[in-house]
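Okay, my_file07.cif now, which holds mmCIF, C-alpha atoms; chains and numbers go by the auth columns:
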data_data
#
loop_
_atom_site.group_PDB
_atom_site.id
_atom_site.type_symbol
_atom_site.label_atom_id
_atom_site.label_comp_id
_atom_site.label_asym_id
_atom_site.label_seq_id
_atom_site.Cartn_x
_atom_site.Cartn_y
_atom_site.Cartn_z
_atom_site.B_iso_or_equiv
_atom_site.auth_seq_id
_atom_site.auth_asym_id
ATOM 1 C CA MET A 1 0.000 0.000 0.000 0.00 1 A
ATOM 2 C CA ASP A 2 1.524 3.339 -1.104 0.00 2 A
ATOM 3 C CA THR A 3 0.744 5.636 1.834 0.00 3 A
ATOM 4 C CA GLU A 4 3.375 8.350 1.350 0.00 4 A
ATOM 5 C CA TRP A 5 2.658 11.501 -0.668 0.00 5 A
ATOM 6 C CA THR A 6 5.245 11.506 -3.452 0.00 6 A
ATOM 7 C CA ALA A 7 5.254 14.616 -5.629 0.00 7 A
ATOM 8 C CA SER A 8 7.993 13.115 -7.809 0.00 8 A
ATOM 9 C CA LEU A 9 5.683 10.235 -8.833 0.00 9 A
ATOM 10 C CA TRP A 10 3.202 12.813 -10.157 0.00 10 A
ATOM 11 C CA LEU A 11 5.915 14.866 -11.880 0.00 11 A
ATOM 12 C CA ASP A 12 7.567 11.832 -13.478 0.00 12 A
ATOM 13 C CA THR A 13 4.251 10.403 -14.695 0.00 13 A
ATOM 14 C CA PHE A 14 3.146 13.821 -16.012 0.00 14 A
ATOM 15 C CA ASN A 15 6.385 14.230 -17.978 0.00 15 A
ATOM 16 C CA GLU A 16 6.276 10.648 -19.268 0.00 16 A
ATOM 17 C CA LEU A 17 2.700 11.032 -20.539 0.00 17 A
ATOM 18 C CA LEU A 18 3.552 14.416 -22.011 0.00 18 A
ATOM 19 C CA ASN A 19 6.849 13.567 -23.690 0.00 19 A
ATOM 20 C CA GLU A 20 6.828 9.838 -24.382 0.00 20 A
ATOM 21 C CA ASP A 21 3.117 9.234 -24.936 0.00 21 A
ATOM 22 C CA ASN A 22 2.447 12.625 -26.615 0.00 22 A
ATOM 23 C CA GLU A 23 -0.790 13.186 -24.701 0.00 23 A
ATOM 24 C CA LEU A 24 -0.675 16.937 -25.484 0.00 24 A
ATOM 25 C CA ASP A 25 0.950 16.988 -28.895 0.00 25 A
ATOM 26 C CA TYR A 26 0.269 20.628 -29.794 0.00 26 A
ATOM 27 C CA GLY A 27 3.786 22.074 -29.611 0.00 27 A
ATOM 28 C CA ASP A 28 3.189 23.931 -26.346 0.00 28 A
ATOM 29 C CA ARG A 29 5.294 23.485 -23.221 0.00 29 A
ATOM 30 C CA TRP A 30 3.395 22.173 -20.153 0.00 30 A
ATOM 31 C CA THR A 31 4.519 22.006 -16.527 0.00 31 A
ATOM 32 C CA LEU A 32 3.029 20.548 -13.358 0.00 32 A
ATOM 33 C CA ASN A 33 3.351 22.343 -10.020 0.00 33 A
ATOM 34 C CA PHE A 34 1.795 21.891 -6.586 0.00 34 A
ATOM 35 C CA ASN A 35 -0.051 24.359 -4.352 0.00 35 A
ATOM 36 C CA TYR A 36 -1.342 22.880 -1.110 0.00 36 A
ATOM 37 C CA ASN A 37 -3.619 25.867 -0.389 0.00 37 A
ATOM 38 C CA GLN A 38 -5.588 26.258 -3.620 0.00 38 A
ATOM 39 C CA THR A 39 -9.334 25.707 -3.776 0.00 39 A
ATOM 40 C CA ASP A 40 -11.744 24.709 -6.519 0.00 40 A
ATOM 41 C CA ARG A 41 -12.838 28.333 -6.990 0.00 41 A
ATOM 42 C CA VAL A 42 -11.634 30.558 -9.818 0.00 42 A
ATOM 43 C CA THR A 43 -12.143 34.291 -9.367 0.00 43 A
ATOM 44 C CA GLU A 44 -13.432 36.450 -12.213 0.00 44 A
ATOM 45 C CA GLU A 45 -9.959 37.977 -12.564 0.00 45 A
ATOM 46 C CA GLU A 46 -8.339 34.519 -12.736 0.00 46 A
ATOM 47 C CA ARG A 47 -10.928 33.453 -15.300 0.00 47 A
ATOM 48 C CA ARG A 48 -10.066 36.487 -17.459 0.00 48 A
ATOM 49 C CA ARG A 49 -6.416 35.435 -17.258 0.00 49 A
ATOM 50 C CA GLY A 50 -7.377 32.011 -18.627 0.00 50 A
ATOM 51 C CA TRP A 51 -7.428 29.852 -15.507 0.00 51 A
ATOM 52 C CA LYS A 52 -9.750 26.863 -15.368 0.00 52 A
ATOM 53 C CA VAL A 53 -10.246 24.288 -12.640 0.00 53 A
ATOM 54 C CA SER A 54 -11.245 20.644 -12.503 0.00 54 A
ATOM 55 C CA THR A 55 -11.527 18.087 -9.737 0.00 55 A
ATOM 56 C CA TYR A 56 -10.901 14.376 -9.718 0.00 56 A
ATOM 57 C CA CYS A 57 -11.891 11.761 -7.156 0.00 57 A
ATOM 58 C CA ALA A 58 -9.122 9.191 -6.814 0.00 58 A
ATOM 59 C CA ARG A 59 -8.276 6.124 -4.782 0.00 59 A
ATOM 60 C CA GLY A 60 -5.487 6.734 -2.321 0.00 60 A
ATOM 61 C CA ASN A 61 -3.902 5.426 0.830 0.00 61 A
ATOM 62 C CA PHE A 62 -3.080 7.218 4.045 0.00 62 A
ATOM 63 C CA GLU A 63 -0.827 6.792 7.034 0.00 63 A
ATOM 64 C CA CYS A 64 -1.345 8.828 10.190 0.00 64 A
ATOM 65 C CA ALA A 65 1.745 10.878 11.022 0.00 65 A
ATOM 66 C CA SER A 66 0.986 10.492 14.755 0.00 66 A
ATOM 67 C CA CYS A 67 -0.019 6.861 15.336 0.00 67 A
ATOM 68 C CA THR A 68 1.019 5.250 11.980 0.00 68 A
ATOM 69 C CA ARG A 69 -2.490 3.805 11.408 0.00 69 A
ATOM 70 C CA THR A 70 -3.095 3.187 7.669 0.00 70 A
ATOM 71 C CA TRP A 71 -6.309 3.251 5.637 0.00 71 A
ATOM 72 C CA ALA A 72 -7.494 3.343 2.065 0.00 72 A
ATOM 73 C CA SER A 73 -10.011 5.757 0.600 0.00 73 A
ATOM 74 C CA ALA A 74 -11.881 5.807 -2.691 0.00 74 A
ATOM 75 C CA ARG A 75 -12.655 9.508 -2.122 0.00 75 A
ATOM 76 C CA VAL A 76 -9.391 11.394 -2.359 0.00 76 A
ATOM 77 C CA VAL A 77 -10.056 14.765 -3.955 0.00 77 A
ATOM 78 C CA LEU A 78 -7.526 16.286 -6.329 0.00 78 A
ATOM 79 C CA VAL A 79 -7.954 19.836 -7.617 0.00 79 A
ATOM 80 C CA PHE A 80 -6.241 20.839 -10.845 0.00 80 A
ATOM 81 C CA ARG A 81 -5.970 24.507 -11.852 0.00 81 A
ATOM 82 C CA TYR A 82 -4.706 24.952 -15.402 0.00 82 A
ATOM 83 C CA ARG A 83 -4.260 27.371 -18.268 0.00 83 A
ATOM 84 C CA LEU A 84 -2.494 27.805 -21.586 0.00 84 A
ATOM 85 C CA LEU A 85 -0.976 31.237 -22.175 0.00 85 A
ATOM 86 C CA ARG A 86 1.256 32.129 -25.132 0.00 86 A
ATOM 87 C CA GLY A 87 2.513 28.596 -25.681 0.00 87 A
ATOM 88 C CA GLN A 88 3.115 27.901 -21.974 0.00 88 A
ATOM 89 C CA GLY A 89 0.746 25.499 -20.246 0.00 89 A
ATOM 90 C CA THR A 90 0.604 25.338 -16.467 0.00 90 A
ATOM 91 C CA VAL A 91 -1.125 22.777 -14.278 0.00 91 A
ATOM 92 C CA ILE A 92 -1.229 23.379 -10.534 0.00 92 A
ATOM 93 C CA MET A 93 -2.411 20.446 -8.453 0.00 93 A
ATOM 94 C CA ARG A 94 -3.569 20.069 -4.882 0.00 94 A
ATOM 95 C CA PRO A 95 -4.249 16.762 -3.157 0.00 95 A
ATOM 96 C CA PHE A 96 -6.625 16.954 -0.199 0.00 96 A
ATOM 97 C CA GLY A 97 -5.880 15.056 2.976 0.00 97 A
ATOM 98 C CA GLN A 98 -7.765 13.099 5.561 0.00 98 A
ATOM 99 C CA ALA A 99 -7.486 13.005 9.345 0.00 99 A
ATOM 100 C CA CYS A 100 -7.004 9.796 11.286 0.00 100 A
ATOM 101 C CA LEU A 101 -10.098 8.116 12.741 0.00 101 A
ATOM 102 C CA ARG A 102 -8.159 7.097 15.852 0.00 102 A
ATOM 103 C CA CYS A 103 -6.455 10.463 16.487 0.00 103 A
ATOM 104 C CA ARG A 104 -9.232 12.688 15.112 0.00 104 A
ATOM 105 C CA GLY A 105 -8.291 16.361 15.149 0.00 105 A
ATOM 106 C CA ASN A 106 -7.299 18.724 12.365 0.00 106 A
ATOM 107 C CA ASN A 107 -4.041 17.145 11.212 0.00 107 A
ATOM 108 C CA PHE A 108 -4.654 16.132 7.619 0.00 108 A
ATOM 109 C CA ASN A 109 -2.415 13.446 6.167 0.00 109 A
ATOM 110 C CA LEU A 110 -1.623 13.642 2.468 0.00 110 A
ATOM 111 C CA PRO A 111 -2.421 10.538 0.397 0.00 111 A
ATOM 112 C CA GLY A 112 -0.135 8.103 -1.332 0.00 112 A
ATOM 113 C CA PHE A 113 -1.138 6.687 -4.719 0.00 113 A
ATOM 114 C CA ALA A 114 -0.472 3.661 -6.863 0.00 114 A
ATOM 115 C CA GLU A 115 1.220 4.453 -10.196 0.00 115 A
ATOM 116 C CA LYS A 116 -1.857 3.348 -12.142 0.00 116 A
ATOM 117 C CA GLU A 117 -4.091 5.752 -10.186 0.00 117 A
ATOM 118 C CA VAL A 118 -1.701 8.649 -10.855 0.00 118 A
ATOM 119 C CA GLU A 119 -1.715 7.830 -14.555 0.00 119 A
ATOM 120 C CA GLN A 120 -5.524 7.649 -14.665 0.00 120 A
ATOM 121 C CA ALA A 121 -5.896 11.004 -12.890 0.00 121 A
ATOM 122 C CA LEU A 122 -3.414 12.682 -15.239 0.00 122 A
ATOM 123 C CA LEU A 123 -4.997 11.168 -18.354 0.00 123 A
ATOM 124 C CA ARG A 124 -8.303 12.595 -17.179 0.00 124 A
ATOM 125 C CA GLN A 125 -6.638 15.995 -16.710 0.00 125 A
ATOM 126 C CA PHE A 126 -5.072 15.832 -20.177 0.00 126 A
ATOM 127 C CA TYR A 127 -8.547 15.158 -21.576 0.00 127 A
ATOM 128 C CA LYS A 128 -9.784 18.324 -19.805 0.00 128 A
ATOM 129 C CA ILE A 129 -6.861 20.312 -21.219 0.00 129 A
ATOM 130 C CA ARG A 130 -7.453 19.070 -24.765 0.00 130 A
ATOM 131 C CA LYS A 131 -11.156 19.902 -24.445 0.00 131 A
ATOM 132 C CA ASN A 132 -10.867 23.304 -22.746 0.00 132 A
ATOM 133 C CA CYS A 133 -7.560 24.683 -24.069 0.00 133 A
ATOM 134 C CA TYR A 134 -7.502 23.220 -27.586 0.00 134 A
ATOM 135 C CA ASP A 135 -11.248 22.882 -28.262 0.00 135 A
ATOM 136 C CA GLU A 136 -10.755 19.217 -29.053 0.00 136 A
ATOM 137 C CA GLU A 137 -14.062 17.394 -29.157 0.00 137 A
ATOM 138 C CA ASP A 138 -13.499 13.831 -28.097 0.00 138 A
ATOM 139 C CA ASP A 139 -16.511 11.704 -27.249 0.00 139 A
ATOM 140 C CA ASP A 140 -14.169 8.960 -26.082 0.00 140 A
ATOM 141 C CA GLU A 141 -13.507 10.548 -22.682 0.00 141 A
ATOM 142 C CA ASP A 142 -11.428 8.401 -20.372 0.00 142 A
ATOM 143 C CA SER A 143 -12.880 9.035 -16.938 0.00 143 A
ATOM 144 C CA GLY A 144 -10.087 7.003 -15.407 0.00 144 A
ATOM 145 C CA ARG A 145 -12.211 4.017 -14.431 0.00 145 A
ATOM 146 C CA SER A 146 -12.446 0.989 -16.612 0.00 146 A
ATOM 147 C CA SER A 147 -15.938 -0.514 -16.689 0.00 147 A
ATOM 148 C CA SER A 148 -14.373 -3.953 -16.248 0.00 148 A
ATOM 149 C CA GLU A 149 -12.409 -2.773 -13.217 0.00 149 A
ATOM 150 C CA PRO A 150 -14.142 -3.807 -9.988 0.00 150 A
ATOM 151 C CA GLU A 151 -14.997 -1.010 -7.580 0.00 151 A
ATOM 152 C CA ALA A 152 -12.801 -1.166 -4.480 0.00 152 A
ATOM 153 C CA LYS A 153 -14.702 -1.889 -1.281 0.00 153 A
ATOM 154 C CA THR A 154 -14.046 0.729 1.356 0.00 154 A
ATOM 155 C CA LYS A 155 -15.666 1.693 4.634 0.00 155 A
ATOM 156 C CA PRO A 156 -18.171 4.550 4.617 0.00 156 A
ATOM 157 C CA HIS A 157 -16.618 7.957 4.015 0.00 157 A
ATOM 158 C CA GLU A 158 -15.997 9.891 7.246 0.00 158 A
ATOM 159 C CA LYS A 159 -16.939 13.405 6.134 0.00 159 A
ATOM 160 C CA ASN A 160 -15.767 15.031 9.363 0.00 160 A
ATOM 161 C CA LEU A 161 -12.249 13.610 8.774 0.00 161 A
ATOM 162 C CA CYS A 162 -12.046 14.683 5.114 0.00 162 A
ATOM 163 C CA GLN A 163 -10.327 17.987 4.332 0.00 163 A
ATOM 164 C CA ALA A 164 -12.238 18.356 1.051 0.00 164 A
ATOM 165 C CA CYS A 165 -15.605 17.710 2.744 0.00 165 A
ATOM 166 C CA ARG A 166 -14.828 20.400 5.273 0.00 166 A
ATOM 167 C CA MET A 167 -14.281 22.800 2.355 0.00 167 A
ATOM 168 C CA GLY A 168 -17.474 21.619 0.647 0.00 168 A
ATOM 169 C CA ILE A 169 -15.826 20.077 -2.421 0.00 169 A
ATOM 170 C CA CYS A 170 -15.572 16.360 -1.743 0.00 170 A
ATOM 171 C CA CYS A 171 -15.796 14.374 -4.964 0.00 171 A
ATOM 172 C CA VAL A 172 -17.804 17.074 -6.684 0.00 172 A
ATOM 173 C CA ASP A 173 -19.048 16.417 -10.189 0.00 173 A
ATOM 174 C CA ASP A 174 -16.207 17.623 -12.416 0.00 174 A
ATOM 175 C CA GLU A 175 -18.101 17.563 -15.699 0.00 175 A
ATOM 176 C CA ASP A 176 -18.510 21.356 -15.722 0.00 176 A
ATOM 177 C CA ASP A 177 -15.194 23.163 -15.442 0.00 177 A
ATOM 178 C CA ASP A 178 -15.027 26.789 -14.347 0.00 178 A
#
For the file at hand, write its structure as structure tokens.
Amino acid sequence: MDTEWTASLWLDTFNELLNEDNELDYGDRWTLNFNYNQTDRVTEEERRRGWKVSTYCARGNFECASCTRTWASARVVLVFRYRLLRGQGTVIMRPFGQACLRCRGNNFNLPGFAEKEVEQALLRQFYKIRKNCYDEEDDDEDSGRSSSEPEAKTKPHEKNLCQACRMGICCVDDEDDD
């Protein structure tokens, strides 16, 4: 179980999909950055400057920094803020954490992810970029979940322990980007 937040896994997978798999083959340069304070809201000024936002609900694993308890969650919210400006594409990502059931409190642990989950989340984001930055109409949207893939069984979601729930954005429907 991958319980440690690893930014390099996201960066490496992003660059591999971008450069080796040509997911955004439009001649623009794209980068991935992290901001652990961003929300799913885009101000009118940010919108005028080209920023868009999307959310993704992923499967992740957690380990409490205090008691080392581990747990899995099928409701790990990721927020992606992105824009393309004069040939430079920027994606800023934020993973939301969860607090430990045993320790409770306001200490949110960041999730760890399996490589396949990272790839699925980024492929979904590349779809959003192609659609919203390049006006590419693709009816073959890859939502990141294979219909033949069994749904992971997890315990009920503890909303009071979820950082995204506390902000009112837990696993929101990401079909309509701002």
- Neighbour list for Val76 of chain A as a ChimeraX atom specification, cut-off 6 Å, only C-alpha atoms, skip fewer than 5 positions in-chain: /A:57-59
- Item | Polymer residues at most 10 Å from segment 85-90 of chain A, all atoms listed in the file, same-chain spacing of 5 or more positions, as a ChimeraX atom specification | /A:26-33,49-51,80,129,133
- Neighbourhood query: residues within 12 Å of (-7.1, 8.3, -13.7), file coordinates, counting all atoms listed in the file; return as a ChimeraX atom specification. /A:10,13-14,55-60,76,78,113-127,141-146
- Test item: which residues lie within 12 Å of (2.8, 7.2, 14.8) counting all atoms listed in the file, as a ChimeraX atom specification: /A:63-70,100,102-103,109
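Each of A:Glu20, A:Asn15, A:Asn37, A:Arg83 was checked against Tyr134 of chain A using all atoms listed in the file; the smallest atom-to-atom distance is that of A:Arg83.
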- If you measure from atom CA of Met167 of chain A to atom CA of Arg41 of chain A, what distance in Å do you get, rounded to one decimal? 11.0 Å
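For the pair atom CA of Asn35 of chain A and atom CA of Ile92 of chain A, the interatomic distance is 6.4 Å.
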- Task: Could you check which of A:Leu18, A:Ala72, A:Ala7, A:Leu24 is closest to Arg94 of chain A, using only C-alpha atoms?
- Result: A:Ala7
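Atom CA of Ser73 of chain A is found 13.4 Å from atom CA of Cys165 of chain A.
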- Task: Pull out every residue that the PyMOL selection byres ((chain A and resi 95) around 7) matches in the shown coordinates and put them as a list in words.
- Result: Val77, Leu78, Val79, Met93, Arg94, Phe96, Gly97 and Leu110 of chain A
